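Structure first, then comments.
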Amino acid sequence: MEIPVYVAAAAPDDYAWCASLMASSEPWITLGRDLEACREALTRPGSELFVARSRENDLRAGFILLAPYGLAASPYIASVAVAAEVRGQGVGSELLRFAERRFAGRGHLFLLVSSFNHHAQRLYRRHGYEFVGKLEDYCVPGHSELIFHKGLQ
Ligand SMILES: CC(C)(COP(=O)(O)OP(=O)(O)OC[C@H]1O[C@@H](n2cnc3c(N)ncnc32)[C@H](O)[C@@H]1OP(=O)(O)O)[C@@H](O)C(=O)NCCC(=O)NCCS
């Protein structure tokens with residue numbers, strides 16, 4: 001069953017929740033990102049944080065971190081995560097559609113996904129993202145970051 005959500009720009013008190021979700025989830029655990037590193041990533045210059053909240057109870061369900069000029073001057077999805085208890089209910093898909101609507105007309109949308117994150121790779125492929133390259137041993141030795149691309153109208 002899908003959870004109806006709305007997506008809005010993060011408020012100051014959303015950052016701690018997003019950082020804690022990130023630091024307690026794969027792939028960031030394997031990538032060695034602790035809470036402080038996640039906090040830093042969420043406030044990096046040139047990025048914009050958006051939070052999905054349930055339309056029913058207004059609880060936070062997930063977030064997406066976007067960089068409008070993040071990769072080769074094209075839009076880039078820097079991070080996306082959904083609270084563990086509401087995964088598999090369409091929130092991640094809604095966050096991807098939000099990014100695609102926001103960057104409509106920009107031509108390209110990129111993201112990186114870890115080589116071991118097969119679940120996320122399948123989700124991105126289902127949404128029309130294609131593998132275009134690989135950064136070997138990029139974040140941690142032994143794992144690659146895969147570059148995925150989707151053409152935007
Ligand atoms: C990847 C992620 C953002 C997807 O969000 P989501 O809300 O679960 O996504 P959706 O519900 O739209 O789709 C999830 C997919 O998993 C399936 N699914 C079913 N039950 C699930 C569950 N309990 N948990 C996760 N996925 C489940 C869905 O049917 C769907 O199918 P697909 O794998 O064939 O695409 C989320 O799983 C997550 O936060 N993972 C940890 C962080 C992460 O890997 N982020 C991506 C970094 S690049």
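Please note that chains go A, B, ... in the order of the structure tokens, that every chain numbers its residues from 1, and that ligands are numbered from 1 in the order shown.
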
Check: Hey, what does DSSP flag as strand (DSSP E) within segment 50-124 of chain A? Can you give it to me as a count of residues only?
Finding: 33

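Every protein or nucleic acid residue with an atom no more than 10 Å from Ala84 of chain A, counting only C-alpha atoms and leaving out same-chain residues fewer than 6 positions away, appears here: Leu21, Ser24, Ser25, Ala61 and Gly62 of chain A.
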
Check: Which of these, A:Asp14, A:Glu56, A:Glu26, A:Glu130, has the shortest distance to ligand 1 once you count only C-alpha atoms and all ligand atoms?
Finding: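 Ranking A:Asp14, A:Glu56, A:Glu26, A:Glu130 by distance to ligand 1, first place goes to A:Glu26.
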
Next item on the list: Using only C-alpha atoms, find the one residue out of A:Ile77, A:Ala23, A:Gly32, A:Asp13 that sits nearest to Ser47 of chain A.
Entry: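 Of the candidates, the smallest distance to Ser47 of chain A is held by A:Ile77.
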
Check: What residues have any atom no more than 8 Å from ligand 1 when counting only C-alpha atoms and all ligand atoms, and can you list them as a PyMOL selection string?
Finding: chain A and resi 2+22+25-28+62+78-94+111-114+117+119-126

Next item on the list: Excluding Ala73 of chain A and any residue of its chain fewer than 6 positions from it, enumerate the residues within 12 Å of it, using only C-alpha atoms, and give them as a ChimeraX atom specification.
Entry: /A:46,67,106-110

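Comparing A:Glu48, A:Asp137, A:Glu145, A:Glu100 by their smallest distance to Leu66 of chain A, the closest is A:Glu48 (using only C-alpha atoms).
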
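Close contacts of Ala19 of chain A, defined as residues with an atom at most 9 Å away when counting only C-alpha atoms, with chain neighbours fewer than 6 positions off set aside, comprise Asp34, Leu35, Glu36, Ala37, Cys38, Arg39, Glu40, Ala41 and Leu42 of chain A.
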
Next item on the list: Can you pull out every residue within 10 Å of Ala99 of chain A, counting only C-alpha atoms, but drop anything in the same chain fewer than 2 positions away, and send it as a PyMOL selection string?
Entry: chain A and resi 50+64-66+68+75-77+94-97+101-104+109

Notebook entry, point to check: So what do you get for atom CA of Leu31 of chain A versus atom CA of Cys139 of chain A, distance-wise?
Noted result: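 A separation of 6.3 Å between them.
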
Check: Suppose you want the space between atom CA of Glu136 of chain A and atom CA of Thr43 of chain A; what is it in Å?
Finding: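 These two atoms are separated by 25.9 Å.
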